[in-house]
Amino acid sequence: MRGRFPLIALGAAAIVAGVWIFVALRGASEGPKRPSGFGDGGGSASIEPAAPAACGSPGTWTIRYVAGPEGIGAGGGVVVHFPLFWEWSPPQTASPEMAGYVTAVCASDGAVIDFYADHEQHYVMVQVTEGELVHGDTVTVVYGDTLGGAHPEGRARADSYAERGQEFLVKVDGDGDRFFAEIGESPRIDILPGEAARLLLTLRGEAVRNDSTRVTVAALDRFGNRAVRYEGTVRFSHRWNVLGLPVSYTFTPEDEGAHVFVARFTSPGLIRLRVVEQGGTMEGISNPILVRSFRDESPYTLLWADLHQHSRLSDGTGEPEDLYRYARDVANLDAAAITDHDHHGLRPLGTAEWEWIRRVNEEFHEPGVFVPFLAYEWTNWVWGHRNVYYRGGTGELLSTADPATDTPNELWARLPEGEAMTIAHHTGGGPIAVDWSAAPPERLERLVEISSVHGSSECLGCPGEIYNPVSGSFVRDALGRGYHLGFLGGGDGHIGHPGVNYGESGPGGMAGIYAAGRTREAIWDALQARRVYATTGPRILLDVRLGDHRMGEEIPAETLPERLIFHVSVCGTGELDRAELIRDGAVVDTLYGEANKLDGDMTAEAPGENTAFYYVRVSQMDGALAWSSPIWVVP
């Protein structure tokens with residue numbers, strides 16, 4: 001039979017966190033009549049069609065569950081989790097004229113079922129209300145049921161983001177005790193990218209004249225997926241001072257939509273490149289790159305990093321390998337990190353998944369080219385979320401679900417000094433704000449993520465403010481408590497596109513890191529020194545100095561004059577609006593840009609006998625932002 005049953009005493013967070021489902025159903029028998037656990041996780045399931053689906057396409061998918069030898073008793077049932085992340089149609093039973101319409105039927109001589117679809121959490125619950133399912137009986141759930149074509153609008157929409165092995169998770173409660181265990185293997189399908197819709201041309205942050213540097217060109221579909229079938233020809237439009245780039249290049253099947261070139265810039269300065277499709281309409285304009293005259297002109301090189309990404313191992317898209325290929329070959333990042341949740345998503349991060357991430361990190365680690373860091377997200381819904389990073393290739397997964405590490409102080413006590421660091425994110429609100437009453441130790445927490453897909457956590461009322469803001473939880477609130485935290489941006493990406501913003505100028509995050517080299521050791525040292533800045537995603541070039549001192553430093557007041565002069569250099573990805581010098585939360589000086597460049601001095605009073613922090617916020621006309629890490633002047 002078809003129908004609905006009420007869901008009681010079940011919070012949304014319980015489903016998302018992978019907690020087993022406890023429900024009461026209309027007509028359910030009172031209590032289990034079978035031995036505890038009998039039939040839980042039993043049976044098998046398949047999906048039709050099993051063929052890959054195009055991203056964003058409408059379709060109908062049939063999940064057929066076959067009861068195992070132990071069957072399912074009265075009060076037991078089956079749960080089918082339709083992909084919760086990220087743009088699948090929510091399943092619903094209210095109207096066949098709306099997308100995601102779901103039906104369920106049972107083929108059994110002695111069982112009667114009832115079913116319910118949870119629109120918000122993307123699952124369908126089927127319960128045996130009378131009799132029992134025996135070995136071989138089936139339950140068929142149709143997602144996007146058009147009722148024989150009578151209601152074609154009821155089809156479901158596939159995810160926008162390409163992914164191998166998208167899972168339709170199936171769980172079974174065999175004994176009716178409301179405990180659902182996963183079956184042995186849930187059905188999966190692949191989600192394929194679409195046709196190329198735009199070209200992405202990406203440069204590094206800095207290079208030295210006549211030295212080799214990587215340039216990537218990628219064809220992306222309209223959702224930002226790598227257009228793996230693209231075989232068009234592109235032409236570079238650049239001056240004579242770039243060597244190594246061909247006049248034109250034709251993509252091959254082996255490229256899978258992205259190609260890495262090695263170029264040399266023969267003249268110093270700020271440079272942007274352009275690529276156009278031959279015979280087509282697509283074009284790509286690169287981010288700016290600063291080409292220096294000599295290697296010893298600066299001890300540090302600007303690197304681009306996205307150190308906050310989620311794979312399908314928690315609540316994101318794609319396998320770890322796919323994320324790093326995109327980061328390296330499409331986004332041309334210097335460094336990246338997969339930060340899957342320790343205990344969030346449809347299942348917790350286990351030993352096997354942690355080992356998978358660790359192994360992939362080592363496989364993709366190529367000093368001088370691409371540097372991944374081993375990391376995870378400590379997902380605490382009381383104190384706030386923090387990413388945990390390890391300096392080397394190994395580290396312990398310390399879960400917030402463990403009572404021994406379910407507070408920040410307990411977590412910090414277990415992390416090895418010098419080999420681990422934590423970074424708090426979406427501190428000002430969003431999914432959960434950070435409680436700064438737990439004072440982060442400087443030896444382990446020297447940075448804070450000021451911007452991500454959730455918005456800006458700079459301060460209450462700031463440009464691009466995070467949703468669900470909580471007063472007292474913002475980054476400036478932490479600085480006001482005396483915490484010395486540098487700023488970085490992180491994508492907090494869940495769609496499999498590290499280093500590529502969700503929107504052209506919408507919320508996002510990127511870290512600019514001034515490091516002595518493209519190695520784990522050099523990048524780690526730069527993060528510890530707070531030689532890092534944040535953007536909302538666009539690769540805005542930013543350098544702020546107080547005399548010979550760089551962002552992130554603590555400078556004794558006695559070594560400085562009473563009037564402080566900060567030199568600010570900016571090259572935007574669009575037209576600049578302004579740069580603001582902020583001291584202890586107040587704007588004390590402003591410079592206005594000319595086109596996409598700004599270079600000048602900003603002044604502020606020294607703090608006297610007090611400690612003060614100073615940082616620069618850059619605004620573009622398109623809404624994109626960048627923040628330097630603070631410089632502290634201390635007594």
# chains A, B, ... in the order shown; residues from 1 in each chain; ligands from 1
$ residues_around --residues "Gly472 in chain A" --least-positions-apart "4" --cutoff "10 Å" --atoms "only C-alpha atoms" --output "list in words"
Thr427, Gly428, Gly429, Ala433, Val434, Asp435, Trp436, Ser437, Cys459, Leu460, Arg476, Asp477, Ala478 and Gly480 of chain A
$ write_last_selection --atoms "N, CA and C atoms" --output "mmCIF file, in the first residue's frame"
data_model
loop_
_atom_site.group_PDB
_atom_site.id
_atom_site.type_symbol
_atom_site.label_atom_id
_atom_site.label_comp_id
_atom_site.auth_asym_id
_atom_site.auth_seq_id
_atom_site.Cartn_x
_atom_site.Cartn_y
_atom_site.Cartn_z
ATOM 1 N N THR A 427 33.303 31.012 12.155
ATOM 2 C CA THR A 427 33.256 31.291 13.592
ATOM 3 C C THR A 427 32.074 32.172 13.970
ATOM 4 N N GLY A 428 31.679 33.100 13.074
ATOM 5 C CA GLY A 428 30.667 34.079 13.433
ATOM 6 C C GLY A 428 29.236 33.612 13.351
ATOM 7 N N GLY A 429 29.005 32.378 12.862
ATOM 8 C CA GLY A 429 27.626 31.895 12.741
ATOM 9 C C GLY A 429 27.550 30.729 11.781
ATOM 10 N N ALA A 433 28.339 28.647 15.404
ATOM 11 C CA ALA A 433 29.360 29.629 15.743
ATOM 12 C C ALA A 433 30.395 29.015 16.682
ATOM 13 N N VAL A 434 31.541 29.672 16.787
ATOM 14 C CA VAL A 434 32.605 29.222 17.684
ATOM 15 C C VAL A 434 32.468 29.911 19.029
ATOM 16 N N ASP A 435 32.627 29.136 20.076
ATOM 17 C CA ASP A 435 32.647 29.670 21.440
ATOM 18 C C ASP A 435 34.107 29.971 21.791
ATOM 19 N N TRP A 436 34.449 31.261 21.793
ATOM 20 C CA TRP A 436 35.837 31.660 22.019
ATOM 21 C C TRP A 436 36.228 31.644 23.491
ATOM 22 N N SER A 437 35.325 31.218 24.379
ATOM 23 C CA SER A 437 35.709 31.144 25.788
ATOM 24 C C SER A 437 36.762 30.072 26.029
ATOM 25 N N CYS A 459 33.467 40.427 11.343
ATOM 26 C CA CYS A 459 32.844 41.108 12.476
ATOM 27 C C CYS A 459 31.354 41.215 12.213
ATOM 28 N N LEU A 460 30.604 41.480 13.253
ATOM 29 C CA LEU A 460 29.164 41.656 13.116
ATOM 30 C C LEU A 460 28.888 42.846 12.199
ATOM 31 N N ARG A 476 37.010 39.265 14.904
ATOM 32 C CA ARG A 476 37.442 40.434 15.696
ATOM 33 C C ARG A 476 37.176 40.236 17.175
ATOM 34 N N ASP A 477 36.131 39.487 17.510
ATOM 35 C CA ASP A 477 35.880 39.197 18.916
ATOM 36 C C ASP A 477 37.027 38.376 19.509
ATOM 37 N N ALA A 478 37.539 37.435 18.716
ATOM 38 C CA ALA A 478 38.674 36.633 19.179
ATOM 39 C C ALA A 478 39.911 37.499 19.338
ATOM 40 N N GLY A 480 39.908 40.623 19.966
ATOM 41 C CA GLY A 480 39.656 41.470 21.126
ATOM 42 C C GLY A 480 39.915 40.776 22.445
#
$ select_by_dssp --residues "range 42-72 of chain A" --states "strand (DSSP E)" --output "count of residues only"
15
$ residues_around --residues "range 537-551 of chain A" --least-positions-apart "3" --cutoff "7 Å" --atoms "only C-alpha atoms" --output "number ranges by chain"
A: 287, 501, 508-510, 530-531, 565-573, 624, 628-631
$ write_last_selection --atoms "all heavy atoms" --output "compact mmCIF listing (two decimals), in the first residue's frame"
# COMPACT_ATOMS: atom_id res chain seq x y z
N ASN A 287 43.99 34.82 -13.72
CA ASN A 287 44.30 35.63 -12.55
C ASN A 287 45.64 36.33 -12.78
O ASN A 287 46.44 35.91 -13.62
CB ASN A 287 44.38 34.74 -11.31
CG ASN A 287 45.38 33.62 -11.48
OD1 ASN A 287 45.16 32.72 -12.29
ND2 ASN A 287 46.48 33.65 -10.75
N ASN A 501 35.73 29.08 -7.13
CA ASN A 501 34.68 29.64 -6.30
C ASN A 501 33.31 29.13 -6.72
O ASN A 501 33.06 28.82 -7.88
CB ASN A 501 34.71 31.18 -6.41
CG ASN A 501 34.27 31.86 -5.15
OD1 ASN A 501 34.26 31.26 -4.08
ND2 ASN A 501 33.92 33.12 -5.25
N GLY A 508 33.11 32.61 -0.64
CA GLY A 508 34.08 31.55 -0.89
C GLY A 508 35.31 31.81 -0.04
O GLY A 508 35.28 32.63 0.88
N GLY A 509 36.39 31.14 -0.36
CA GLY A 509 37.60 31.35 0.42
C GLY A 509 38.83 30.82 -0.27
O GLY A 509 38.79 29.79 -0.93
N MET A 510 39.92 31.56 -0.13
CA MET A 510 41.22 31.16 -0.67
C MET A 510 42.29 31.71 0.25
O MET A 510 42.12 32.76 0.88
CB MET A 510 41.39 31.71 -2.08
CG MET A 510 42.67 31.27 -2.77
SD MET A 510 42.60 29.59 -3.37
CE MET A 510 41.50 29.79 -4.76
N ARG A 530 52.18 33.00 10.30
CA ARG A 530 51.01 33.82 9.93
C ARG A 530 51.30 34.69 8.71
O ARG A 530 50.68 35.75 8.53
CB ARG A 530 50.54 34.67 11.11
CG ARG A 530 50.13 33.87 12.34
CD ARG A 530 49.65 34.77 13.46
NE ARG A 530 50.73 35.57 14.01
CZ ARG A 530 51.16 35.53 15.26
NH1 ARG A 530 50.63 34.69 16.12
NH2 ARG A 530 52.14 36.31 15.67
N ARG A 531 52.24 34.23 7.84
CA ARG A 531 52.52 34.94 6.59
C ARG A 531 51.49 34.49 5.55
O ARG A 531 51.80 33.82 4.58
CB ARG A 531 53.94 34.61 6.10
CG ARG A 531 54.99 35.59 6.46
CD ARG A 531 56.31 35.39 5.77
NE ARG A 531 56.64 34.04 5.43
CZ ARG A 531 57.29 33.19 6.23
NH1 ARG A 531 57.65 33.57 7.44
NH2 ARG A 531 57.56 31.97 5.83
N ILE A 565 53.62 53.69 9.41
CA ILE A 565 53.38 53.77 7.97
C ILE A 565 53.35 52.35 7.40
O ILE A 565 54.37 51.64 7.43
CB ILE A 565 54.45 54.62 7.26
CG1 ILE A 565 54.47 56.03 7.84
CG2 ILE A 565 54.19 54.66 5.76
CD1 ILE A 565 55.58 56.89 7.27
N PHE A 566 52.20 51.95 6.90
CA PHE A 566 52.01 50.63 6.28
C PHE A 566 52.04 50.78 4.77
O PHE A 566 51.30 51.64 4.22
CB PHE A 566 50.67 50.02 6.70
CG PHE A 566 50.55 49.72 8.16
CD1 PHE A 566 50.21 50.71 9.07
CD2 PHE A 566 50.78 48.43 8.65
CE1 PHE A 566 50.10 50.44 10.42
CE2 PHE A 566 50.68 48.15 9.99
CZ PHE A 566 50.34 49.16 10.89
N HIS A 567 52.86 49.99 4.10
CA HIS A 567 52.85 50.02 2.64
C HIS A 567 51.96 48.88 2.13
O HIS A 567 52.10 47.73 2.55
CB HIS A 567 54.25 49.86 2.05
CG HIS A 567 54.25 50.06 0.56
ND1 HIS A 567 54.16 51.31 -0.02
CD2 HIS A 567 54.28 49.16 -0.47
CE1 HIS A 567 54.16 51.17 -1.34
NE2 HIS A 567 54.23 49.89 -1.63
N VAL A 568 51.03 49.23 1.25
CA VAL A 568 50.03 48.29 0.75
C VAL A 568 50.12 48.19 -0.76
O VAL A 568 50.08 49.22 -1.46
CB VAL A 568 48.60 48.73 1.15
CG1 VAL A 568 47.57 47.73 0.66
CG2 VAL A 568 48.50 48.90 2.66
N SER A 569 50.26 46.96 -1.26
CA SER A 569 50.26 46.71 -2.71
C SER A 569 49.16 45.72 -3.03
O SER A 569 49.07 44.66 -2.40
CB SER A 569 51.61 46.14 -3.17
OG SER A 569 52.65 47.07 -2.94
N VAL A 570 48.33 46.06 -4.03
CA VAL A 570 47.21 45.21 -4.41
C VAL A 570 47.12 45.14 -5.92
O VAL A 570 47.29 46.16 -6.61
CB VAL A 570 45.86 45.75 -3.86
CG1 VAL A 570 44.73 44.78 -4.17
CG2 VAL A 570 45.95 46.04 -2.37
N CYS A 571 46.86 43.96 -6.43
CA CYS A 571 46.45 43.79 -7.83
C CYS A 571 45.20 42.93 -7.81
O CYS A 571 45.24 41.76 -7.40
CB CYS A 571 47.54 43.13 -8.67
SG CYS A 571 47.07 42.93 -10.41
N GLY A 572 44.09 43.52 -8.21
CA GLY A 572 42.81 42.82 -8.14
C GLY A 572 42.52 41.97 -9.36
O GLY A 572 43.18 42.09 -10.39
N THR A 573 41.50 41.16 -9.22
CA THR A 573 41.00 40.39 -10.36
C THR A 573 39.90 41.15 -11.08
O THR A 573 39.40 40.71 -12.12
CB THR A 573 40.47 39.03 -9.90
OG1 THR A 573 39.42 39.24 -8.93
CG2 THR A 573 41.57 38.21 -9.26
N ALA A 624 34.05 41.16 -4.24
CA ALA A 624 35.12 40.30 -3.74
C ALA A 624 35.95 41.05 -2.69
O ALA A 624 36.11 42.27 -2.75
CB ALA A 624 36.02 39.84 -4.88
N SER A 628 44.43 41.08 4.87
CA SER A 628 45.77 40.69 5.31
C SER A 628 45.68 40.13 6.72
O SER A 628 44.78 40.48 7.49
CB SER A 628 46.70 41.90 5.29
OG SER A 628 46.39 42.79 6.37
N SER A 629 46.60 39.26 7.07
CA SER A 629 46.72 38.88 8.48
C SER A 629 47.15 40.11 9.28
O SER A 629 47.85 40.99 8.75
CB SER A 629 47.74 37.75 8.65
OG SER A 629 47.16 36.50 8.37
N PRO A 630 46.75 40.17 10.54
CA PRO A 630 47.14 41.34 11.34
C PRO A 630 48.64 41.42 11.57
O PRO A 630 49.37 40.43 11.51
CB PRO A 630 46.40 41.11 12.66
CG PRO A 630 45.28 40.16 12.35
CD PRO A 630 45.83 39.28 11.27
N ILE A 631 49.07 42.64 11.84
CA ILE A 631 50.38 42.91 12.43
C ILE A 631 50.10 43.44 13.84
O ILE A 631 49.26 44.33 14.02
CB ILE A 631 51.17 43.93 11.61
CG1 ILE A 631 51.57 43.33 10.25
CG2 ILE A 631 52.42 44.40 12.37
CD1 ILE A 631 52.23 44.32 9.31
$ closest_residue --among "A:Arg295, A:Arg328, A:His135, A:Arg157" --to "Thr202 in chain A" --atoms "only C-alpha atoms"
A:Arg328
$ closest_atom_pairs --of "range 44-80 of chain A" --to "range 140-147 of chain A" --cutoff "10 Å" --atoms "only C-alpha atoms" --output "tab-separated table"
residue	atom	partner	partner_atom	distance
A:Ala45	CA	A:Thr140	CA	9.5
A:Ser46	CA	A:Thr140	CA	9.8
A:Ile47	CA	A:Val141	CA	9.7
A:Glu48	CA	A:Val142	CA	9.5
A:Pro58	CA	A:Gly144	CA	8.4
A:Gly59	CA	A:Gly144	CA	6.5
A:Thr60	CA	A:Gly144	CA	4.6
A:Trp61	CA	A:Tyr143	CA	5.2
A:Thr62	CA	A:Val142	CA	4.5
A:Ile63	CA	A:Val141	CA	5.2
A:Arg64	CA	A:Thr140	CA	4.5
A:Tyr65	CA	A:Thr140	CA	6.3
A:Val66	CA	A:Thr140	CA	8.8
A:Val80	CA	A:Val141	CA	8.3
$ write_last_selection --atoms "N, CA, C and O atoms" --output "tab-separated table (two decimals), in the first residue's frame"
chain	number	residue	atom	x	y	z
A	45	ALA	N	20.19	-4.76	-2.52
A	45	ALA	CA	19.46	-3.74	-3.27
A	45	ALA	C	20.16	-3.46	-4.59
A	45	ALA	O	21.39	-3.60	-4.71
A	46	SER	N	19.37	-3.08	-5.57
A	46	SER	CA	19.90	-2.71	-6.88
A	46	SER	C	19.19	-1.45	-7.36
A	46	SER	O	18.18	-1.03	-6.79
A	47	ILE	N	19.74	-0.83	-8.39
A	47	ILE	CA	19.16	0.39	-8.94
A	47	ILE	C	19.02	0.26	-10.44
A	47	ILE	O	19.87	-0.33	-11.12
A	48	GLU	N	17.93	0.79	-10.97
A	48	GLU	CA	17.69	0.83	-12.41
A	48	GLU	C	17.20	2.23	-12.78
A	48	GLU	O	16.31	2.76	-12.09
A	58	PRO	N	17.02	15.31	-15.65
A	58	PRO	CA	15.88	14.68	-14.99
A	58	PRO	C	15.87	13.18	-15.25
A	58	PRO	O	16.36	12.71	-16.29
A	59	GLY	N	15.33	12.41	-14.33
A	59	GLY	CA	15.28	10.97	-14.52
A	59	GLY	C	14.41	10.30	-13.48
A	59	GLY	O	13.90	10.92	-12.54
A	60	THR	N	14.23	9.02	-13.68
A	60	THR	CA	13.50	8.16	-12.74
A	60	THR	C	14.41	7.01	-12.37
A	60	THR	O	14.93	6.32	-13.25
A	61	TRP	N	14.60	6.80	-11.08
A	61	TRP	CA	15.46	5.73	-10.61
A	61	TRP	C	14.66	4.80	-9.70
A	61	TRP	O	13.95	5.26	-8.80
A	62	THR	N	14.78	3.51	-9.96
A	62	THR	CA	14.06	2.50	-9.20
A	62	THR	C	15.03	1.72	-8.33
A	62	THR	O	15.98	1.10	-8.84
A	63	ILE	N	14.82	1.76	-7.02
A	63	ILE	CA	15.65	1.00	-6.08
A	63	ILE	C	14.82	-0.20	-5.65
A	63	ILE	O	13.73	-0.05	-5.10
A	64	ARG	N	15.36	-1.38	-5.91
A	64	ARG	CA	14.64	-2.62	-5.59
A	64	ARG	C	15.39	-3.34	-4.47
A	64	ARG	O	16.53	-3.77	-4.64
A	65	TYR	N	14.73	-3.48	-3.34
A	65	TYR	CA	15.30	-4.19	-2.20
A	65	TYR	C	14.76	-5.62	-2.18
A	65	TYR	O	13.56	-5.84	-2.35
A	66	VAL	N	15.65	-6.58	-1.96
A	66	VAL	CA	15.29	-7.99	-1.86
A	66	VAL	C	15.64	-8.46	-0.45
A	66	VAL	O	16.80	-8.35	-0.02
A	80	VAL	N	15.80	4.16	2.49
A	80	VAL	CA	16.61	4.49	1.33
A	80	VAL	C	16.97	5.97	1.43
A	80	VAL	O	16.08	6.83	1.43
$ closest_atom_pairs --of "range 171-271 of chain A" --to "range 302-319 of chain A" --cutoff "8 Å" --atoms "only C-alpha atoms" --output "Markdown table"
| residue | atom | partner | partner_atom | distance |
| --- | --- | --- | --- | --- |
| A:Arg204 | CA | A:Leu303 | CA | 7.0 |
| A:Gly205 | CA | A:Leu302 | CA | 5.3 |
| A:Glu206 | CA | A:Leu302 | CA | 5.6 |
$ residues_around --residues "range 605-610 of chain A" --least-positions-apart "3" --cutoff "6 Å" --atoms "only C-alpha atoms" --output "PyMOL selection string"
chain A and resi 562-564+635
$ write_last_selection --atoms "N, CA and C atoms" --output "JSON list (two decimals), in the first residue's frame"
[["chain", "number", "residue", "atom", "x", "y", "z"],
["A", 562, "GLU", "N", 56.14, 56.88, 16.47],
["A", 562, "GLU", "CA", 54.79, 57.10, 16.98],
["A", 562, "GLU", "C", 53.77, 57.05, 15.85],
["A", 563, "ARG", "N", 54.17, 57.40, 14.63],
["A", 563, "ARG", "CA", 53.29, 57.34, 13.48],
["A", 563, "ARG", "C", 53.71, 56.16, 12.62],
["A", 564, "LEU", "N", 52.81, 55.19, 12.49],
["A", 564, "LEU", "CA", 53.12, 53.96, 11.76],
["A", 564, "LEU", "C", 52.75, 54.12, 10.29],
["A", 635, "PRO", "N", 53.75, 46.06, 23.61],
["A", 635, "PRO", "CA", 54.63, 46.83, 24.51],
["A", 635, "PRO", "C", 56.01, 46.20, 24.62]]
$ select_by_dssp --residues "range 423-599 of chain A" --states "alpha helix (DSSP H)" --output "PyMOL selection string"
chain A and resi 475-480+520-528
